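Data file: work-v3.cif. Format and content: mmCIF, C-alpha atoms (C1' of nucleotides) and all ligand atoms.
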data_work
loop_
_atom_site.label_atom_id
_atom_site.label_comp_id
_atom_site.auth_asym_id
_atom_site.auth_seq_id
_atom_site.Cartn_x
_atom_site.Cartn_y
_atom_site.Cartn_z
CA MET A 1 98.08 139.87 62.17
CA PRO A 2 101.55 139.19 60.63
CA GLU A 3 104.38 141.75 60.34
CA ASN A 4 106.17 141.59 63.64
CA PRO A 5 109.63 140.38 62.81
CA ASP A 6 111.50 138.78 65.71
CA GLY A 7 108.40 138.89 67.89
CA ILE A 8 106.19 136.14 69.19
CA GLY A 9 105.16 133.79 66.47
CA ALA A 10 107.39 135.38 63.90
CA ALA A 11 107.59 131.98 62.30
CA PHE A 12 104.01 132.42 61.13
CA ALA A 13 104.61 135.70 59.33
CA PRO A 14 106.54 136.14 56.10
CA HIS A 15 110.06 137.23 57.00
CA ASP A 16 113.66 137.20 55.89
CA HIS A 17 114.57 133.84 57.25
CA SER A 18 118.31 134.20 56.77
CA HIS A 19 118.22 136.66 59.66
CA CYS A 20 116.64 134.07 61.94
CA SER A 21 119.24 131.47 61.22
CA SER A 22 122.36 133.59 61.15
CA ARG A 23 121.37 135.27 64.39
CA ALA A 24 120.56 131.98 66.06
CA LEU A 25 123.87 130.56 64.91
CA ASN A 26 125.75 133.54 66.32
CA ASP A 27 123.93 133.37 69.62
CA ALA A 28 124.68 129.69 69.79
CA THR A 29 128.40 130.12 69.21
CA GLU A 30 128.50 132.83 71.82
CA ARG A 31 126.56 130.87 74.36
CA LEU A 32 128.75 127.82 74.00
CA ALA A 33 131.87 129.94 74.40
CA THR A 34 130.78 131.06 77.85
CA GLU A 35 129.18 127.76 78.79
CA GLY A 36 131.96 125.50 77.65
CA GLY A 37 130.62 123.24 74.92
CA ARG A 38 132.32 122.48 71.62
CA LEU A 39 130.40 123.19 68.44
CA THR A 40 132.12 120.51 66.35
CA PRO A 41 131.48 120.10 62.61
CA VAL A 42 128.68 117.51 62.94
CA ARG A 43 126.98 119.51 65.66
CA ARG A 44 127.27 122.77 63.81
CA ARG A 45 125.99 121.26 60.60
CA THR A 46 123.09 119.64 62.47
CA LEU A 47 122.12 123.00 63.90
CA GLU A 48 122.36 124.61 60.47
CA ILE A 49 120.12 121.95 59.01
CA LEU A 50 117.51 122.49 61.70
CA LEU A 51 117.75 126.23 61.14
CA GLU A 52 116.89 125.95 57.47
CA SER A 53 113.22 126.15 58.26
CA HIS A 54 110.75 126.77 61.02
CA ARG A 55 109.86 123.11 60.97
CA ALA A 56 110.70 120.16 63.16
CA MET A 57 112.75 117.36 61.68
CA GLY A 58 112.90 113.71 62.63
CA ALA A 59 116.27 112.34 63.69
CA TYR A 60 116.45 110.12 60.63
CA GLU A 61 115.68 113.02 58.32
CA VAL A 62 118.60 114.89 59.85
CA LEU A 63 120.72 111.77 59.60
CA ASP A 64 120.07 111.43 55.88
CA ARG A 65 121.28 114.95 55.36
CA LEU A 66 124.38 114.42 57.45
CA ALA A 67 125.20 111.14 55.73
CA ALA A 68 124.82 112.79 52.32
CA GLU A 69 127.40 115.34 53.39
CA GLY A 70 130.01 112.82 54.43
CA PHE A 71 129.24 112.38 58.11
CA GLY A 72 128.36 109.06 59.68
CA ARG A 73 125.27 107.23 58.53
CA GLN A 74 124.26 105.47 61.72
CA PRO A 75 121.50 106.68 64.05
CA PRO A 76 123.73 107.61 66.99
CA VAL A 77 125.43 110.24 64.84
CA ALA A 78 122.22 112.20 64.57
CA TYR A 79 120.89 111.42 68.02
CA ARG A 80 124.11 112.49 69.70
CA ALA A 81 124.33 115.76 67.88
CA LEU A 82 120.67 116.49 68.56
CA GLU A 83 120.99 115.58 72.21
CA PHE A 84 123.93 117.92 72.52
CA LEU A 85 121.98 120.77 70.98
CA VAL A 86 118.97 120.14 73.19
CA GLN A 87 121.10 119.92 76.31
CA HIS A 88 122.68 123.26 75.54
CA GLY A 89 119.40 124.92 74.75
CA LEU A 90 120.14 125.29 71.04
CA ALA A 91 117.33 123.02 69.94
CA HIS A 92 114.14 121.61 71.32
CA ARG A 93 112.50 118.26 71.17
CA LEU A 94 108.83 118.08 70.17
CA GLN A 95 107.17 115.19 71.94
CA ARG A 96 104.10 115.06 69.74
CA LEU A 97 106.16 114.79 66.59
CA ASN A 98 109.15 112.74 67.73
CA ALA A 99 111.15 115.49 66.15
CA PHE A 100 113.56 118.34 66.78
CA ALA A 101 113.57 122.03 65.98
CA ALA A 102 116.25 124.67 66.30
CA CYS A 103 115.80 127.18 69.07
CA LEU A 104 115.42 130.67 67.74
CA HIS A 105 116.05 132.50 70.97
CA PRO A 106 119.01 130.83 72.58
CA GLY A 107 120.73 132.81 75.29
CA ALA A 108 117.78 132.89 77.60
CA ASP A 109 117.36 129.78 79.70
CA HIS A 110 113.85 128.99 78.67
CA GLN A 111 111.36 126.19 78.61
CA PRO A 112 108.99 127.38 75.92
CA ALA A 113 105.59 126.30 74.72
CA PHE A 114 105.18 125.34 71.07
CA LEU A 115 102.60 126.12 68.44
CA ILE A 116 102.48 123.49 65.73
CA CYS A 117 100.56 124.14 62.53
CA SER A 118 98.92 120.94 61.41
CA GLU A 119 98.67 122.13 57.83
CA CYS A 120 102.15 123.37 57.04
CA ASP A 121 104.12 121.84 59.92
CA ARG A 122 105.68 125.14 60.86
CA ILE A 123 106.63 125.54 64.50
CA ALA A 124 106.69 128.61 66.73
CA GLU A 125 108.16 128.96 70.15
CA VAL A 126 106.26 131.10 72.63
CA PRO A 127 106.84 131.94 76.29
CA SER A 128 105.28 129.46 78.68
CA GLY A 129 105.54 131.50 81.87
CA PRO A 130 101.81 132.10 82.39
CA MET A 131 101.01 128.46 81.71
CA ARG A 132 103.68 127.21 84.06
CA ASP A 133 102.31 129.47 86.77
CA ALA A 134 98.77 128.21 86.25
CA LEU A 135 99.95 124.63 86.28
CA GLY A 136 102.06 125.18 89.37
CA ASP A 137 98.95 126.29 91.24
CA VAL A 138 96.93 123.24 90.28
CA ALA A 139 99.84 120.93 90.95
CA SER A 140 100.64 122.25 94.39
CA GLY A 141 97.00 121.66 95.29
CA ALA A 142 97.81 117.99 94.75
CA GLY A 143 101.11 118.15 96.59
CA PHE A 144 102.98 117.76 93.34
CA VAL A 145 106.22 119.62 92.69
CA VAL A 146 106.68 120.39 89.01
CA ASP A 147 110.10 119.98 87.45
CA ARG A 148 109.74 120.23 83.68
CA VAL A 149 106.65 120.96 81.62
CA THR A 150 105.79 120.11 78.04
CA VAL A 151 103.28 122.40 76.36
CA GLU A 152 102.53 121.75 72.72
CA ALA A 153 99.55 123.16 70.88
CA VAL A 154 98.38 121.88 67.52
CA GLY A 155 96.32 124.22 65.37
CA THR A 156 96.32 126.48 62.36
CA CYS A 157 98.86 129.23 61.76
CA ALA A 158 98.25 132.69 60.38
CA ILE A 159 99.69 131.92 56.97
CA CYS A 160 97.52 128.84 56.45
CA ALA A 161 94.41 130.57 57.76
CA GLU A 162 95.02 133.38 55.29
CA ALA A 163 95.62 130.97 52.45
CA ARG A 164 92.38 129.15 53.10
CA ALA A 165 90.32 132.34 52.94
CA MET B 166 98.63 117.42 101.71
CA PRO B 167 97.00 114.04 100.93
CA GLU B 168 93.51 112.98 102.02
CA ASN B 169 91.16 114.31 99.39
CA PRO B 170 89.63 111.24 97.83
CA ASP B 171 88.21 111.79 94.35
CA GLY B 172 89.62 115.30 94.18
CA ILE B 173 92.41 116.73 92.08
CA GLY B 174 95.51 114.63 92.27
CA ALA B 175 93.80 111.88 94.22
CA ALA B 176 96.23 109.53 92.54
CA PHE B 177 98.97 110.95 94.74
CA ALA B 178 97.19 110.27 98.01
CA PRO B 179 96.61 106.87 99.58
CA HIS B 180 93.11 105.76 98.69
CA ASP B 181 90.86 102.79 98.11
CA HIS B 182 91.74 102.19 94.51
CA SER B 183 88.95 99.74 93.80
CA HIS B 184 86.58 102.71 93.99
CA CYS B 185 88.52 104.53 91.29
CA SER B 186 88.42 101.65 88.90
CA SER B 187 84.89 100.42 89.43
CA ARG B 188 83.52 103.92 89.14
CA ALA B 189 85.52 104.63 86.00
CA LEU B 190 84.33 101.38 84.50
CA ASN B 191 80.72 102.23 85.25
CA ASP B 192 81.04 105.71 83.83
CA ALA B 193 82.64 104.24 80.75
CA THR B 194 79.84 101.75 80.15
CA GLU B 195 77.28 104.47 80.60
CA ARG B 196 79.05 106.87 78.33
CA LEU B 197 79.36 104.34 75.55
CA ALA B 198 75.67 103.47 75.83
CA THR B 199 74.66 107.03 75.02
CA GLU B 200 77.46 107.64 72.57
CA GLY B 201 77.17 104.42 70.66
CA GLY B 202 80.40 102.50 71.00
CA ARG B 203 80.74 98.81 71.78
CA LEU B 204 82.77 97.78 74.81
CA THR B 205 83.80 94.39 73.46
CA PRO B 206 85.76 91.89 75.56
CA VAL B 207 89.24 92.98 74.40
CA ARG B 208 88.37 96.61 74.85
CA ARG B 209 86.85 96.11 78.24
CA ARG B 210 89.77 94.03 79.42
CA THR B 211 92.21 96.62 78.11
CA LEU B 212 90.45 99.30 80.09
CA GLU B 213 90.48 97.14 83.20
CA ILE B 214 94.18 96.56 82.83
CA LEU B 215 94.87 100.27 82.54
CA LEU B 216 92.66 100.87 85.55
CA GLU B 217 94.68 98.58 87.77
CA SER B 218 97.01 101.41 88.66
CA HIS B 219 97.50 105.13 88.33
CA ARG B 220 100.33 104.48 85.97
CA ALA B 221 100.73 104.71 82.23
CA MET B 222 101.40 101.52 80.33
CA GLY B 223 103.13 100.97 77.03
CA ALA B 224 101.10 99.32 74.28
CA TYR B 225 103.34 96.26 74.36
CA GLU B 226 102.97 95.90 78.10
CA VAL B 227 99.20 95.86 77.62
CA LEU B 228 99.60 93.46 74.73
CA ASP B 229 101.53 90.97 76.86
CA ARG B 230 98.74 90.97 79.37
CA LEU B 231 96.08 90.49 76.73
CA ALA B 232 98.00 87.71 75.04
CA ALA B 233 98.44 85.92 78.35
CA GLU B 234 94.68 85.98 78.75
CA GLY B 235 93.94 84.41 75.40
CA PHE B 236 93.50 87.45 73.18
CA GLY B 237 95.61 88.07 70.12
CA ARG B 238 99.31 88.54 70.53
CA GLN B 239 100.06 90.95 67.70
CA PRO B 240 100.57 94.70 68.15
CA PRO B 241 97.40 95.82 66.36
CA VAL B 242 95.32 94.03 68.98
CA ALA B 243 96.59 96.36 71.68
CA TYR B 244 96.86 99.47 69.53
CA ARG B 245 93.31 99.14 68.26
CA ALA B 246 91.81 98.67 71.68
CA LEU B 247 93.82 101.58 73.04
CA GLU B 248 92.89 103.79 70.13
CA PHE B 249 89.24 103.02 70.70
CA LEU B 250 89.49 103.93 74.36
CA VAL B 251 91.32 107.15 73.62
CA GLN B 252 88.85 108.13 70.93
CA HIS B 253 85.97 107.66 73.32
CA GLY B 254 87.64 109.56 76.12
CA LEU B 255 88.11 106.48 78.30
CA ALA B 256 91.88 106.62 78.20
CA HIS B 257 94.58 109.12 77.39
CA ARG B 258 97.86 108.95 75.59
CA LEU B 259 100.95 110.37 77.24
CA GLN B 260 103.25 111.81 74.61
CA ARG B 261 106.33 111.97 76.81
CA LEU B 262 106.07 108.30 77.71
CA ASN B 263 104.69 106.72 74.55
CA ALA B 264 102.17 105.18 76.87
CA PHE B 265 98.51 105.09 77.82
CA ALA B 266 96.57 105.64 81.02
CA ALA B 267 92.93 105.10 81.90
CA CYS B 268 90.81 108.19 82.30
CA LEU B 269 89.46 108.49 85.80
CA HIS B 270 86.81 111.07 85.04
CA PRO B 271 85.10 110.00 81.88
CA GLY B 272 81.79 111.60 81.15
CA ALA B 273 83.06 115.13 80.84
CA ASP B 274 84.54 115.98 77.48
CA HIS B 275 87.89 117.02 78.72
CA GLN B 276 91.40 117.64 77.53
CA PRO B 277 93.34 117.39 80.75
CA ALA B 278 96.86 118.21 81.80
CA PHE B 279 98.99 115.45 83.33
CA LEU B 280 101.29 115.28 86.30
CA ILE B 281 103.87 112.53 85.96
CA CYS B 282 105.97 111.52 88.94
CA SER B 283 109.46 110.71 87.75
CA GLU B 284 110.15 108.54 90.79
CA CYS B 285 107.14 106.24 90.98
CA ASP B 286 105.64 106.74 87.51
CA ARG B 287 102.22 107.51 88.91
CA ILE B 288 100.06 109.78 86.79
CA ALA B 289 97.41 112.32 87.76
CA GLU B 290 94.96 114.08 85.53
CA VAL B 291 94.23 117.71 86.34
CA PRO B 292 92.05 120.32 84.64
CA SER B 293 93.85 122.29 81.96
CA GLY B 294 91.36 125.12 81.55
CA PRO B 295 93.51 127.92 82.97
CA MET B 296 96.49 126.81 80.94
CA ARG B 297 94.49 126.58 77.76
CA ASP B 298 93.21 130.10 78.33
CA ALA B 299 96.70 131.43 78.93
CA LEU B 300 97.98 129.68 75.83
CA GLY B 301 95.07 130.89 73.75
CA ASP B 302 96.01 134.47 74.56
CA VAL B 303 99.63 134.06 73.56
CA ALA B 304 98.68 132.13 70.46
CA SER B 305 96.15 134.61 69.18
CA GLY B 306 98.86 137.27 69.47
CA ALA B 307 100.63 135.29 66.78
CA GLY B 308 97.50 134.73 64.69
CA PHE B 309 97.48 131.08 65.63
CA VAL B 310 94.26 129.21 66.29
CA VAL B 311 94.71 126.44 68.82
CA ASP B 312 92.99 123.13 68.24
CA ARG B 313 94.39 120.60 70.73
CA VAL B 314 96.91 121.13 73.51
CA THR B 315 99.25 118.71 75.22
CA VAL B 316 100.30 119.63 78.74
CA GLU B 317 102.48 117.18 80.60
CA ALA B 318 104.43 118.03 83.72
CA VAL B 319 107.20 115.85 85.11
CA GLY B 320 108.03 116.20 88.77
CA THR B 321 107.69 114.64 92.20
CA CYS B 322 104.43 113.51 93.73
CA ALA B 323 103.27 113.91 97.32
CA ILE B 324 103.86 110.28 98.20
CA CYS B 325 107.44 110.25 96.94
CA ALA B 326 108.23 113.60 98.53
CA GLU B 327 106.96 112.25 101.83
CA ALA B 328 108.92 109.05 101.47
CA ARG B 329 112.13 110.93 100.84
CA ALA B 330 111.77 113.02 103.99
"C1'" DA C 331 156.20 110.52 73.58
"C1'" DG C 332 152.52 108.89 76.60
"C1'" DA C 333 148.11 109.24 79.03
"C1'" DC C 334 143.64 110.90 79.27
"C1'" DG C 335 139.11 112.47 78.05
"C1'" DA C 336 135.89 113.86 74.72
"C1'" DC C 337 134.27 112.98 70.12
"C1'" DT C 338 132.92 110.18 65.94
"C1'" DG C 339 131.87 106.17 63.66
"C1'" DT C 340 130.02 101.31 63.15
"C1'" DA C 341 127.26 97.09 64.01
"C1'" DA C 342 123.67 95.19 66.28
"C1'" DC C 343 119.63 95.45 68.67
"C1'" DA C 344 115.22 97.09 71.26
"C1'" DC C 345 111.15 99.48 71.29
"C1'" DT C 346 107.06 101.76 69.13
"C1'" DA C 347 103.65 101.86 65.49
"C1'" DT C 348 101.21 100.92 61.08
"C1'" DA C 349 99.72 98.57 56.62
"C1'" DA C 350 97.34 94.97 54.42
"C1'" DC C 351 94.61 91.16 54.40
"C1'" DA C 352 91.45 87.03 55.99
"C1'" DG C 353 88.03 85.17 58.82
"C1'" DA C 354 84.47 85.67 62.66
"C1'" DA C 355 80.72 88.02 64.85
"C1'" DC C 356 77.00 91.22 64.87
"C1'" DG C 357 72.76 93.61 63.28
"C1'" DG C 358 69.26 94.88 60.15
"C1'" DA C 359 66.29 93.84 55.74
"C1'" DG C 360 63.62 90.79 53.52
"C1'" DC D 361 65.43 82.44 59.74
"C1'" DT D 362 68.62 83.75 55.99
"C1'" DC D 363 71.24 86.97 53.52
"C1'" DC D 364 74.17 90.82 53.41
"C1'" DG D 365 76.87 94.71 54.75
"C1'" DT D 366 79.54 96.38 58.55
"C1'" DT D 367 82.44 96.13 62.38
"C1'" DC D 368 85.59 93.64 64.92
"C1'" DT D 369 89.47 90.38 65.77
"C1'" DG D 370 93.36 88.20 64.52
"C1'" DT D 371 97.46 87.32 61.54
"C1'" DT D 372 101.90 88.44 58.85
"C1'" DA D 373 104.92 91.68 57.50
"C1'" DT D 374 107.06 96.03 57.59
"C1'" DA D 375 108.06 100.87 58.85
"C1'" DG D 376 109.73 104.22 62.11
"C1'" DT D 377 112.12 105.64 66.41
"C1'" DG D 378 115.79 105.19 69.76
"C1'" DT D 379 119.69 102.72 72.46
"C1'" DT D 380 123.76 99.74 73.73
"C1'" DA D 381 128.33 98.39 73.07
"C1'" DC D 382 132.53 98.80 71.21
"C1'" DA D 383 136.58 100.56 68.34
"C1'" DG D 384 139.18 104.17 66.43
"C1'" DT D 385 140.32 109.24 66.31
"C1'" DC D 386 141.53 113.66 67.84
"C1'" DG D 387 142.94 117.34 70.87
"C1'" DT D 388 145.19 118.40 75.23
"C1'" DC D 389 147.94 118.18 79.07
"C1'" DT D 390 152.15 116.37 81.29
ZN ZN E 401 114.09 127.99 72.26
ZN ZN E 402 100.47 126.66 58.71
ZN ZN E 403 90.47 111.84 81.56
ZN ZN E 404 105.79 109.49 93.02
#
Render the structure in this file as structure tokens.
Ligand SMILES: [Zn+2]
Ligand SMILES: [Zn+2]
Ligand SMILES: [Zn+2]
Ligand SMILES: [Zn+2]
Amino acid sequence: MPENPDGIGAAFAPHDHSHCSSRALNDATERLATEGGRLTPVRRRTLEILLESHRAMGAYEVLDRLAAEGFGRQPPVAYRALEFLVQHGLAHRLQRLNAFAACLHPGADHQPAFLICSECDRIAEVPSGPMRDALGDVASGAGFVVDRVTVEAVGTCAICAEARA
Amino acid sequence: MPENPDGIGAAFAPHDHSHCSSRALNDATERLATEGGRLTPVRRRTLEILLESHRAMGAYEVLDRLAAEGFGRQPPVAYRALEFLVQHGLAHRLQRLNAFAACLHPGADHQPAFLICSECDRIAEVPSGPMRDALGDVASGAGFVVDRVTVEAVGTCAICAEARA
DNA sequence: AGACGACTGTAACACTATAACAGAACGGAG
DNA sequence: CTCCGTTCTGTTATAGTGTTACAGTCGTCT
């Protein structure tokens, strides 16, 4: 099942991760240039930290890293940087985990679904279009107008399934 | 759009709410009888409190109510009762809100999607089958096996849309 | 230089959740 | 009925998550 670099669920296949992060960082810089946000040192470093793995990190975990590198050591330092990244589509917040993960496909204005492996904690971002359509149907039947949707699936990833066999 | 008592999104239509809660309470009692759980006083009262409205309540909000009625006043009292209800399918946890809501259709083993009105905080439970199917497809493309899914939509309900017009 | 807004840092606090332990209540075996 | 193991309730204490308020800094524009 693995071996589709850059594709859906690439996080769950062995791959050269430095590509993921350097590309995401480039895309981010580019996007902010056109959109008008400043990627200051704390913010940039926060994004780099999130990009180190396909995992979600708690705000305090990020904060520890930042503090160790000479940035502020109070919660707002991390929360502000993370909020900035989320607002500009460079990171996502995972409700189930109270945690944040870097976005690996910035550039497109997206509202993805997430696959969360309960064994290894790796995260993958997948398109949520079909689900949003299905939900829109059900919702409009109830006279409800959907604004934002959270879709988060917990399960077992390809790597862990393989390992267990 | 309103006027479909008991149907999908009934929470967003004017209705005789005492029906909702008494029926849910009956179903709950019945379900526990066959399944083998004890609906003790704290647990029953917790369920009743959740059933008072189609809103989600924080654990501490529930706790205040319980304490005022002579039950314990420490967090575990509320968290344990709520956990019991969730485990037996009599209530649900809303990840986006860090809050809990009574289940209005116990009896079926379901894993619903939620519609959350950002204006009035009312909650509706809708079937998530189509979405789970759609997600399953995408996930299996990535070699991911889905276990549990969280679907929570934030938007505007029929009542609030009406009121604004 | 001076004024302004956006950014960073701190202290203090609020909210959410769990761990660990002691006593009470229940239910079955003898 | 009594004893015993289990489940339930309550407590204290602590861990984890997130926000408010305020002060100083830095870049930018006039
Ligand atoms: Zn993304
Ligand atoms: Zn895994
Ligand atoms: Zn339900
Ligand atoms: Zn509403």
- prompt: So which residues touch DT340 of chain C within 12 Å, counting all atoms listed in the file, skipping near sequence neighbours fewer than 4 positions away, as a ChimeraX atom specification?
  reply: /A:72-77 /D:381-384
message: Please determine, counting all atoms listed in the file, which residue among A:Asp133, A:Arg122, A:Val42, A:His19 has the shortest atom-to-atom distance to ligand ZN 402 (chain E).
response: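 Using all atoms listed in the file, ligand ZN 402 (chain E) sits closest to A:Arg122.
RMSD of chain A versus chain B, all Cα atoms, in-order pairing, least-squares fit: 0.1 Å.
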- request: Select the residues contacting ligand ZN 402 (chain E) at a distance of at most 10 Å, based on all atoms listed in the file, then format the selection as a PyMOL selection string.
  value: (chain A and resi 11-13+115-123+155-163) or (chain B and resi 309)
Could you tell me, counting only C-alpha atoms (C1' of nucleotides) and all ligand atoms, which protein and nucleic acid residues lie no more than 7 Å from ligand ZN 403 (chain E), written as a PDB file with C-alpha atoms, in the frame of the given file?
ATOM      1  CA  GLY B 254      87.640 109.560  76.120  1.00  0.00           C
ATOM      2  CA  LEU B 255      88.110 106.480  78.300  1.00  0.00           C
ATOM      3  CA  ALA B 256      91.880 106.620  78.200  1.00  0.00           C
ATOM      4  CA  HIS B 257      94.580 109.120  77.390  1.00  0.00           C
ATOM      5  CA  CYS B 268      90.810 108.190  82.300  1.00  0.00           C
ATOM      6  CA  LEU B 269      89.460 108.490  85.800  1.00  0.00           C
ATOM      7  CA  HIS B 270      86.810 111.070  85.040  1.00  0.00           C
ATOM      8  CA  PRO B 271      85.100 110.000  81.880  1.00  0.00           C
ATOM      9  CA  HIS B 275      87.890 117.020  78.720  1.00  0.00           C
ATOM     10  CA  PRO B 277      93.340 117.390  80.750  1.00  0.00           C
ATOM     11  CA  GLU B 290      94.960 114.080  85.530  1.00  0.00           C
TER      12      GLU B 290
END
Which residues, written as an mmCIF file with C-alpha atoms (C1' of nucleotides), keeping the file's coordinate frame, have at least one atom at most 12 Å from segment 344-360 of chain C, with all atoms listed in the file counted and residues fewer than 6 positions away on the same chain left out?
data_model
loop_
_atom_site.group_PDB
_atom_site.id
_atom_site.type_symbol
_atom_site.label_atom_id
_atom_site.label_comp_id
_atom_site.auth_asym_id
_atom_site.auth_seq_id
_atom_site.Cartn_x
_atom_site.Cartn_y
_atom_site.Cartn_z
ATOM 1 C CA ASN A 98 109.150 112.740 67.730
ATOM 2 C CA ARG B 203 80.740 98.810 71.780
ATOM 3 C CA THR B 205 83.800 94.390 73.460
ATOM 4 C CA GLY B 223 103.130 100.970 77.030
ATOM 5 C CA ALA B 224 101.100 99.320 74.280
ATOM 6 C CA TYR B 225 103.340 96.260 74.360
ATOM 7 C CA GLU B 226 102.970 95.900 78.100
ATOM 8 C CA GLN B 239 100.060 90.950 67.700
ATOM 9 C CA PRO B 240 100.570 94.700 68.150
ATOM 10 C CA PRO B 241 97.400 95.820 66.360
ATOM 11 C CA VAL B 242 95.320 94.030 68.980
ATOM 12 C CA ALA B 243 96.590 96.360 71.680
ATOM 13 C CA TYR B 244 96.860 99.470 69.530
ATOM 14 C CA ARG B 245 93.310 99.140 68.260
ATOM 15 C CA GLU B 248 92.890 103.790 70.130
ATOM 16 C CA LEU B 262 106.070 108.300 77.710
ATOM 17 C CA ASN B 263 104.690 106.720 74.550
ATOM 18 C CA ALA B 264 102.170 105.180 76.870
ATOM 19 C "C1'" DC D 361 65.430 82.440 59.740
ATOM 20 C "C1'" DT D 362 68.620 83.750 55.990
ATOM 21 C "C1'" DC D 363 71.240 86.970 53.520
ATOM 22 C "C1'" DC D 364 74.170 90.820 53.410
ATOM 23 C "C1'" DG D 365 76.870 94.710 54.750
ATOM 24 C "C1'" DT D 366 79.540 96.380 58.550
ATOM 25 C "C1'" DT D 367 82.440 96.130 62.380
ATOM 26 C "C1'" DC D 368 85.590 93.640 64.920
ATOM 27 C "C1'" DT D 369 89.470 90.380 65.770
ATOM 28 C "C1'" DG D 370 93.360 88.200 64.520
ATOM 29 C "C1'" DT D 371 97.460 87.320 61.540
ATOM 30 C "C1'" DT D 372 101.900 88.440 58.850
ATOM 31 C "C1'" DA D 373 104.920 91.680 57.500
ATOM 32 C "C1'" DT D 374 107.060 96.030 57.590
ATOM 33 C "C1'" DA D 375 108.060 100.870 58.850
ATOM 34 C "C1'" DG D 376 109.730 104.220 62.110
ATOM 35 C "C1'" DT D 377 112.120 105.640 66.410
ATOM 36 C "C1'" DG D 378 115.790 105.190 69.760
ATOM 37 C "C1'" DT D 379 119.690 102.720 72.460
ATOM 38 C "C1'" DT D 380 123.760 99.740 73.730
#
Using all atoms listed in the file and a cutoff of 12 Å, can you tell me which residues are near (137.4, 114.2, 71.5) in the file's coordinates, and write them out as an mmCIF file with C-alpha atoms (C1' of nucleotides), keeping the file's coordinate frame?
data_model
loop_
_atom_site.group_PDB
_atom_site.id
_atom_site.type_symbol
_atom_site.label_atom_id
_atom_site.label_comp_id
_atom_site.auth_asym_id
_atom_site.auth_seq_id
_atom_site.Cartn_x
_atom_site.Cartn_y
_atom_site.Cartn_z
ATOM 1 C CA GLY A 37 130.620 123.240 74.920
ATOM 2 C CA ARG A 38 132.320 122.480 71.620
ATOM 3 C CA LEU A 39 130.400 123.190 68.440
ATOM 4 C CA THR A 40 132.120 120.510 66.350
ATOM 5 C "C1'" DC C 334 143.640 110.900 79.270
ATOM 6 C "C1'" DG C 335 139.110 112.470 78.050
ATOM 7 C "C1'" DA C 336 135.890 113.860 74.720
ATOM 8 C "C1'" DC C 337 134.270 112.980 70.120
ATOM 9 C "C1'" DT C 338 132.920 110.180 65.940
ATOM 10 C "C1'" DG D 384 139.180 104.170 66.430
ATOM 11 C "C1'" DT D 385 140.320 109.240 66.310
ATOM 12 C "C1'" DC D 386 141.530 113.660 67.840
ATOM 13 C "C1'" DG D 387 142.940 117.340 70.870
ATOM 14 C "C1'" DT D 388 145.190 118.400 75.230
#
task: Record the distance separating atom CA of Ala267 of chain B and atom CA of Phe100 of chain A, expressed in Å with one decimal.
output: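 Rounded to one decimal, the two atoms are 28.8 Å apart.
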task: Compare A:Ala68, A:Ala10, A:Leu63, A:Ile49 by their minimum atom-to-atom distance to chain B, counting all atoms listed in the file, and give me the closest one.
output: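 Smallest separation from chain B among the options: A:Ala10.
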As a PDB file, in the coordinates of the input, could you write out segment 208-215 of chain B once it has been completed with N, CA, C and O atoms?
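Saved file out.pdb follows:
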ATOM      1  N   ARG B 208      88.360  95.203  74.471  1.00  0.00           N
ATOM      2  CA  ARG B 208      88.370  96.610  74.850  1.00  0.00           C
ATOM      3  C   ARG B 208      88.117  96.776  76.341  1.00  0.00           C
ATOM      4  O   ARG B 208      88.796  97.548  77.019  1.00  0.00           O
ATOM      5  N   ARG B 209      87.149  96.009  76.821  1.00  0.00           N
ATOM      6  CA  ARG B 209      86.850  96.110  78.240  1.00  0.00           C
ATOM      7  C   ARG B 209      88.043  95.654  79.071  1.00  0.00           C
ATOM      8  O   ARG B 209      88.435  96.318  80.027  1.00  0.00           O
ATOM      9  N   ARG B 210      88.631  94.551  78.659  1.00  0.00           N
ATOM     10  CA  ARG B 210      89.770  94.030  79.420  1.00  0.00           C
ATOM     11  C   ARG B 210      90.934  95.009  79.374  1.00  0.00           C
ATOM     12  O   ARG B 210      91.645  95.204  80.360  1.00  0.00           O
ATOM     13  N   THR B 211      91.136  95.637  78.226  1.00  0.00           N
ATOM     14  CA  THR B 211      92.210  96.620  78.110  1.00  0.00           C
ATOM     15  C   THR B 211      91.989  97.761  79.098  1.00  0.00           C
ATOM     16  O   THR B 211      92.913  98.179  79.793  1.00  0.00           O
ATOM     17  N   LEU B 212      90.762  98.225  79.155  1.00  0.00           N
ATOM     18  CA  LEU B 212      90.450  99.300  80.090  1.00  0.00           C
ATOM     19  C   LEU B 212      90.706  98.855  81.526  1.00  0.00           C
ATOM     20  O   LEU B 212      91.302  99.572  82.327  1.00  0.00           O
ATOM     21  N   GLU B 213      90.262  97.652  81.846  1.00  0.00           N
ATOM     22  CA  GLU B 213      90.480  97.140  83.200  1.00  0.00           C
ATOM     23  C   GLU B 213      91.965  97.078  83.543  1.00  0.00           C
ATOM     24  O   GLU B 213      92.371  97.426  84.652  1.00  0.00           O
ATOM     25  N   ILE B 214      92.747  96.646  82.581  1.00  0.00           N
ATOM     26  CA  ILE B 214      94.180  96.560  82.830  1.00  0.00           C
ATOM     27  C   ILE B 214      94.765  97.939  83.116  1.00  0.00           C
ATOM     28  O   ILE B 214      95.528  98.123  84.053  1.00  0.00           O
ATOM     29  N   LEU B 215      94.369  98.905  82.309  1.00  0.00           N
ATOM     30  CA  LEU B 215      94.870 100.270  82.540  1.00  0.00           C
ATOM     31  C   LEU B 215      94.412 100.776  83.901  1.00  0.00           C
ATOM     32  O   LEU B 215      95.122 101.520  84.570  1.00  0.00           O
TER      33      LEU B 215
END
